[in-house]
Amino acid sequence: MHSIWIVSRRELSAYFTSPLAYIFIVIFLALAGGLTFFFGAWLDRGQADLQVFFIYHPYLYLFLIPAVGMRLWAEERKSGTIEFLLTLPVTTGQIVLGKFLAAWVFAGIALALTFPMWLTVNYLGAPDNGIILAAYIGSWLVAGGFLALSSCVSALTKNQVVAFVLASAVCFVFMMSGVEIIQSFFRAWTPQVFVESVAELSFLTNFTEIARGVIDIRDIVFFLSVIGVALFVNTAIVEAKKGV
Amino acid sequence: MTKLLDIKGLTKRFGPITAVDDVSFSVDRGEVLGFLGPNGAGKSTTMKIVTGFLSPSEGAVEVCGHDVAREPMAIKRRIGYLPEGAPLYGDMTPMALLQFVCKLRQLSTEDTSRGIDYAVEKLHISNVLYQPIETLSKGYKRRVGLAQAIVHDPEVLILDEPTDGLDPNQKHEVRELLTEMAGKKAVIISTHILEEVEAVCSRAIIIAKGKLVADQDPLTLQSRSRLHNAIGIRLPVSQVEACTAVLNGLEKVTAVQTSAQVRDTVELLAVSANGLEILDPVRTAIDAKGIHVNEIFVERGRLEDVFRDLTFEVEGLKARPVIGSEVENA
């Protein structure tokens with residue numbers, strides 16, 4: 001546990017010593033705000049809630065989260081530091097978890113910095129803050145799911161750009177598995193049960209539930225399971241690709 | 001002496017390629033082992049297995065009595081490792097990196113400050129401690145890499161090309177450091193610089209194409225050179241012809257090599273048959289002819305020659321005859 005924390009802290013400080021962290025935060029805040037005001041027409045709705053703020057998050061995460069996750073392993077393999085790190089007395093699993101947590105905390109920091117939206121909505125009206133809190137948790141879980149997938153993909157390659165593009169694609173499939181494009185793709189050649197279980201894997205479907213303020217334990221379990229499985233696969237990939 | 005590192009029948013395959021092929025050797029406390037071999041011979045792979053980065057296909061590696069496959073953590077705690085090229089986190093400062101390593105190695109606060117002080121002093125990196133590693137010169141990066149390898153005072157030190165890219169002064173410092181630490185630890189260094197082996201190593205291992213081809217102390221290895229016990233003579237140009245004739249007339253001299261002229265002198269090298277001692281007969285013969293020489297010395301043999309002889313054949317290149325003992329597997 002202690003080792004995970006040490007790895008995590010180093011990784012988190014690595015984000016903030018590069019311009020990436022600041023660029024990410026600024027762009028995330030600008031886009032999240034811009035989409036809410038312009039596309040969501042937040043002020044014109046006349047409702048004191050943050051629904052239109054949260055519905056765009058999964059789409060933003062689709063390309064912003066792979067940008068955070070792409071360096072996690074690809075950079076380590078490219079520079080050779082993976083050999084330095086893995087010969088220290090710490091297990092691969094601990095490092096995978098430590099790196100993921102650092103990235104997740106970083107995403108959390110970016111998310112938390114949207115607090116002016118919350119202040120604004122509370123100034124303008126009397127929103128249900130319980131729903132807002134639930135939506136924040138949901139949004140952070142989606143970010144976590146995407147991050148775990150990105151980290152996993154990042155371990156496959158030494159090239160960060162490849163990691164970014166692949167991770168975006170994988171995240172897209174997981175996000176959209178409930179919508180028609182992906183569904184019809186599977187419906188043509190797989191049994192109905194499979195099509196339905198693919199739909200169940202949809203980030204969007206699961207997130208929408210939470211964002212509405214319905215914190216169902218199943219949705220939380222869903223995201224945590226995706227993270228768990230992705231990180232498990234991540235560990236296996238790192239182990240398998242060490243000698244290559 | 002205690003065996004700190006014991007390798008038995010180590011084999012590593014990457015798909016169809018056998019990178020390390022049935023290699024066995026051990027290193028005792030107090031030994032500095034030079035690990036030699038052409039590029040791609042399997043030196044780095046062996047080191048990666050010993051440090052627990054890669055797992056062996058076959059064979060066993062024990063460090064301080066712990067098996068690398070069963071107790072990787074115990075081994076990683078006891079080893080200090082400098083990977084090839086000294087990869088480090090460029091965004092960190094040397095101080096932050098050393099602290100990171102100490103924390104992951106679970107050193108006490110006291111051991112951490114003692115270890116860092118020691119490493120910083122020994123490697124002369126105090127003036128760059130708070131600069132990002134990516135801004136440092138190659139020499140400093142290498143020294144920071146060495147510092148993280150010794151910061152926890154490990155029993156086994158494994159350094160993959162520790163002096164690669166250093167200038168002659170820095171190389172000298174690193175060699176002094178190795179000699180100083182040698183007594184208490186088992187040290188393995190891989191290197192292409194053969195003079196380094198003569199300078200710091202108590203034993204040398206040569207591998208080629210994954211196979212162990214020699215395991216001896218540097219002096220014995222040198223004696224396997226075709227030039228072992230050859231007699232070098234520096235003398236004025238005017239005397240060269242007479243002297244060459246004398247040397248060629250000696251029964252135990254197989255060949256006489258002539259070097260380029262330097263300030264009106266030339267160096268002759270009389271190669272001895274089967275590495276026999278020929279100093280006395282050579283001196284007697286030269287004195288008898290009244291030839292004036294500036295300098296005379298006995299060649300111990302050149303590791304470079306031995307290295308080439310031993311690895312040429314295995315590498316599938318044109319073999320050169322080996323003078324001295326047969327190639328042996330230790």
# chains A, B, ... in the order shown; residues from 1 in each chain; ligands from 1
call {"tool": "select_by_dssp", "arguments": {"residues": "segment 100-228 of chain B", "states": "strand (DSSP E or B)", "output": "number ranges by chain"}}
result
B: 156-160, 186-190, 203-208, 211-216
call {"tool": "interface_residues", "arguments": {"of": "chain B", "to": "chain A", "cutoff": "9 Å", "atoms": "only C-alpha atoms", "output": "compact mmCIF listing (two decimals) with C-alpha atoms, in the first residue's frame"}}
result
# COMPACT_ATOMS: atom_id res chain seq x y z
CA PHE B 14 13.07 -14.91 -26.99
CA THR B 45 19.96 -10.01 -20.82
CA LYS B 48 18.22 -8.18 -16.51
CA THR B 51 17.99 -8.16 -11.24
CA GLY B 52 14.54 -9.69 -11.59
CA PHE B 53 13.45 -7.63 -14.59
CA LEU B 54 13.18 -10.62 -16.91
CA PRO B 72 11.98 -11.37 -6.40
CA MET B 73 11.36 -8.72 -3.72
CA ALA B 74 14.08 -10.04 -1.43
CA ILE B 75 16.50 -9.95 -4.34
CA LYS B 76 15.55 -6.50 -5.56
CA ARG B 77 16.17 -5.13 -2.06
CA ILE B 79 20.77 -5.45 -5.46
CA GLY B 80 21.88 -2.07 -6.72
CA TYR B 81 21.40 -1.88 -10.47
CA LEU B 82 22.42 0.53 -13.16
CA PRO B 83 20.59 -0.43 -16.37
CA GLU B 84 22.29 0.09 -19.72
CA GLY B 85 22.23 3.75 -20.72
CA ALA B 86 21.26 4.76 -17.18
CA PRO B 87 17.58 5.52 -17.87
CA LEU B 88 16.20 7.99 -15.31
CA TYR B 89 13.16 10.23 -14.95
CA ASP B 91 11.58 15.53 -14.97
CA MET B 92 12.96 14.74 -11.51
CA ALA B 96 13.98 13.81 -5.67
CA PHE B 100 12.07 8.25 -4.36
CA VAL B 101 14.40 5.26 -4.57
CA LYS B 103 11.35 5.40 -0.05
CA LEU B 104 10.56 2.50 -2.37
CA ARG B 105 13.44 0.62 -0.79
CA GLN B 106 11.87 1.36 2.59
call {"tool": "residues_around", "arguments": {"residues": "Thr179 of chain B", "least_positions_apart": "6", "cutoff": "12 Å", "atoms": "only C-alpha atoms", "output": "PyMOL selection string"}}
result
chain B and resi 30-33+172-173+185-189+196-202
call {"tool": "residues_around", "arguments": {"residues": "Leu129 of chain B", "least_positions_apart": "4", "cutoff": "9 Å", "atoms": "only C-alpha atoms", "output": "VMD selection string"}}
result
chain B and resid 93 to 96 120 125 133
call {"tool": "atom_distance", "arguments": {"atom1": "atom CA of Trp42 of chain A", "atom2": "atom CA of Met117 of chain A"}}
result
10.7 Å
call {"tool": "closest_residue", "arguments": {"among": "B:Gln170, B:Ile158, B:Thr112, B:Ile278", "to": "Lys138 of chain B", "atoms": "only C-alpha atoms"}}
result
B:Gln170
call {"tool": "select_by_dssp", "arguments": {"residues": "segment 42-285 of chain B", "states": "alpha helix (DSSP H)", "output": "number ranges by chain"}}
result
B: 43-50, 72-78, 94-104, 109-123, 138-150, 168-182, 194-200, 218-223, 240-249, 279-285
call {"tool": "residues_around", "arguments": {"residues": "Val121 of chain A", "least_positions_apart": "6", "cutoff": "7 Å", "atoms": "only C-alpha atoms", "output": "ChimeraX atom specification"}}
result
/A:48-49,127
call {"tool": "residues_around", "arguments": {"residues": "Ile217 of chain A", "least_positions_apart": "6", "cutoff": "12 Å", "atoms": "only C-alpha atoms", "output": "number ranges by chain"}}
result
A: 134, 138, 206, 209-210, 223-225
call {"tool": "closest_residue", "arguments": {"among": "A:Leu147, A:Ala211, A:Ala112, A:Val226", "to": "Phe53 of chain A", "atoms": "only C-alpha atoms"}}
result
A:Ala211
call {"tool": "residues_around", "arguments": {"residues": "Pro218 of chain B", "least_positions_apart": "3", "cutoff": "12 Å", "atoms": "only C-alpha atoms", "output": "MDAnalysis selection string"}}
result
chainID B and resid 32:36 194:206 214:215 221:225 300:304 306:307
call {"tool": "write_last_selection", "arguments": {"atoms": "N, CA and C atoms", "output": "mmCIF file, in the first residue's frame"}}
result
data_model
loop_
_atom_site.group_PDB
_atom_site.id
_atom_site.type_symbol
_atom_site.label_atom_id
_atom_site.label_comp_id
_atom_site.auth_asym_id
_atom_site.auth_seq_id
_atom_site.Cartn_x
_atom_site.Cartn_y
_atom_site.Cartn_z
ATOM 1 N N VAL B 32 35.178 -8.357 -7.934
ATOM 2 C CA VAL B 32 34.654 -7.470 -8.976
ATOM 3 C C VAL B 32 34.753 -8.254 -10.283
ATOM 4 N N LEU B 33 33.598 -8.592 -10.807
ATOM 5 C CA LEU B 33 33.565 -9.433 -11.993
ATOM 6 C C LEU B 33 33.347 -8.585 -13.239
ATOM 7 N N GLY B 34 34.264 -8.714 -14.177
ATOM 8 C CA GLY B 34 34.092 -8.023 -15.457
ATOM 9 C C GLY B 34 33.330 -8.932 -16.394
ATOM 10 N N PHE B 35 32.271 -8.400 -16.971
ATOM 11 C CA PHE B 35 31.410 -9.205 -17.823
ATOM 12 C C PHE B 35 31.617 -8.714 -19.252
ATOM 13 N N LEU B 36 32.306 -9.526 -20.056
ATOM 14 C CA LEU B 36 32.686 -9.080 -21.390
ATOM 15 C C LEU B 36 31.982 -9.877 -22.470
ATOM 16 N N LEU B 194 38.459 -2.861 -22.303
ATOM 17 C CA LEU B 194 39.198 -3.955 -21.684
ATOM 18 C C LEU B 194 40.203 -3.477 -20.655
ATOM 19 N N GLU B 195 40.705 -2.255 -20.839
ATOM 20 C CA GLU B 195 41.651 -1.747 -19.836
ATOM 21 C C GLU B 195 40.958 -1.604 -18.479
ATOM 22 N N GLU B 196 39.628 -1.406 -18.530
ATOM 23 C CA GLU B 196 38.859 -1.300 -17.303
ATOM 24 C C GLU B 196 38.913 -2.609 -16.520
ATOM 25 N N VAL B 197 38.869 -3.699 -17.263
ATOM 26 C CA VAL B 197 38.919 -5.012 -16.633
ATOM 27 C C VAL B 197 40.263 -5.188 -15.923
ATOM 28 N N GLU B 198 41.329 -4.776 -16.615
ATOM 29 C CA GLU B 198 42.656 -4.878 -15.999
ATOM 30 C C GLU B 198 42.743 -3.980 -14.781
ATOM 31 N N ALA B 199 42.072 -2.822 -14.837
ATOM 32 C CA ALA B 199 42.184 -1.850 -13.761
ATOM 33 C C ALA B 199 41.394 -2.232 -12.519
ATOM 34 N N VAL B 200 40.174 -2.739 -12.664
ATOM 35 C CA VAL B 200 39.346 -2.954 -11.473
ATOM 36 C C VAL B 200 38.890 -4.382 -11.207
ATOM 37 N N CYS B 201 38.941 -5.249 -12.199
ATOM 38 C CA CYS B 201 38.286 -6.541 -12.015
ATOM 39 C C CYS B 201 39.228 -7.591 -11.438
ATOM 40 N N SER B 202 38.697 -8.402 -10.517
ATOM 41 C CA SER B 202 39.483 -9.502 -9.984
ATOM 42 C C SER B 202 39.233 -10.753 -10.813
ATOM 43 N N ARG B 203 38.185 -10.696 -11.634
ATOM 44 C CA ARG B 203 37.877 -11.854 -12.470
ATOM 45 C C ARG B 203 37.139 -11.371 -13.710
ATOM 46 N N ALA B 204 37.286 -12.110 -14.789
ATOM 47 C CA ALA B 204 36.593 -11.700 -16.008
ATOM 48 C C ALA B 204 35.882 -12.892 -16.631
ATOM 49 N N ILE B 205 34.688 -12.618 -17.117
ATOM 50 C CA ILE B 205 33.920 -13.640 -17.818
ATOM 51 C C ILE B 205 33.685 -13.133 -19.233
ATOM 52 N N ILE B 206 33.894 -14.000 -20.197
ATOM 53 C CA ILE B 206 33.607 -13.603 -21.574
ATOM 54 C C ILE B 206 32.469 -14.462 -22.092
ATOM 55 N N ALA B 214 34.879 -17.995 -21.398
ATOM 56 C CA ALA B 214 36.035 -17.897 -20.505
ATOM 57 C C ALA B 214 35.602 -17.387 -19.148
ATOM 58 N N ASP B 215 36.252 -17.857 -18.091
ATOM 59 C CA ASP B 215 35.964 -17.403 -16.738
ATOM 60 C C ASP B 215 37.264 -17.505 -15.950
ATOM 61 N N LEU B 221 43.877 -14.621 -18.205
ATOM 62 C CA LEU B 221 43.299 -14.346 -19.522
ATOM 63 C C LEU B 221 44.336 -13.726 -20.457
ATOM 64 N N GLN B 222 45.081 -12.776 -19.895
ATOM 65 C CA GLN B 222 46.114 -12.111 -20.694
ATOM 66 C C GLN B 222 47.131 -13.111 -21.215
ATOM 67 N N SER B 223 47.428 -14.108 -20.366
ATOM 68 C CA SER B 223 48.465 -15.064 -20.746
ATOM 69 C C SER B 223 48.012 -15.937 -21.907
ATOM 70 N N ARG B 224 46.725 -15.883 -22.224
ATOM 71 C CA ARG B 224 46.244 -16.644 -23.375
ATOM 72 C C ARG B 224 46.438 -15.875 -24.672
ATOM 73 N N SER B 225 46.961 -14.678 -24.538
ATOM 74 C CA SER B 225 47.175 -13.868 -25.735
ATOM 75 C C SER B 225 48.352 -14.402 -26.537
ATOM 76 N N ARG B 300 52.752 -8.630 -21.326
ATOM 77 C CA ARG B 300 51.984 -9.626 -20.577
ATOM 78 C C ARG B 300 50.920 -10.268 -21.454
ATOM 79 N N GLY B 301 50.630 -9.636 -22.530
ATOM 80 C CA GLY B 301 49.557 -10.135 -23.397
ATOM 81 C C GLY B 301 48.454 -9.117 -23.426
ATOM 82 N N ARG B 302 47.694 -9.130 -24.499
ATOM 83 C CA ARG B 302 46.644 -8.119 -24.629
ATOM 84 C C ARG B 302 45.272 -8.764 -24.536
ATOM 85 N N LEU B 303 44.480 -8.262 -23.583
ATOM 86 C CA LEU B 303 43.137 -8.800 -23.393
ATOM 87 C C LEU B 303 42.310 -8.692 -24.669
ATOM 88 N N GLU B 304 42.584 -7.618 -25.405
ATOM 89 C CA GLU B 304 41.837 -7.397 -26.629
ATOM 90 C C GLU B 304 42.009 -8.570 -27.599
ATOM 91 N N VAL B 306 42.834 -11.659 -26.769
ATOM 92 C CA VAL B 306 42.182 -12.840 -26.222
ATOM 93 C C VAL B 306 40.682 -12.745 -26.475
ATOM 94 N N PHE B 307 40.170 -11.550 -26.208
ATOM 95 C CA PHE B 307 38.743 -11.311 -26.418
ATOM 96 C C PHE B 307 38.346 -11.641 -27.855
#
call {"tool": "closest_residue", "arguments": {"among": "A:Tyr123, A:Tyr61, A:Phe232, A:Phe185", "to": "Ala155 of chain A", "atoms": "only C-alpha atoms"}}
result
A:Phe232
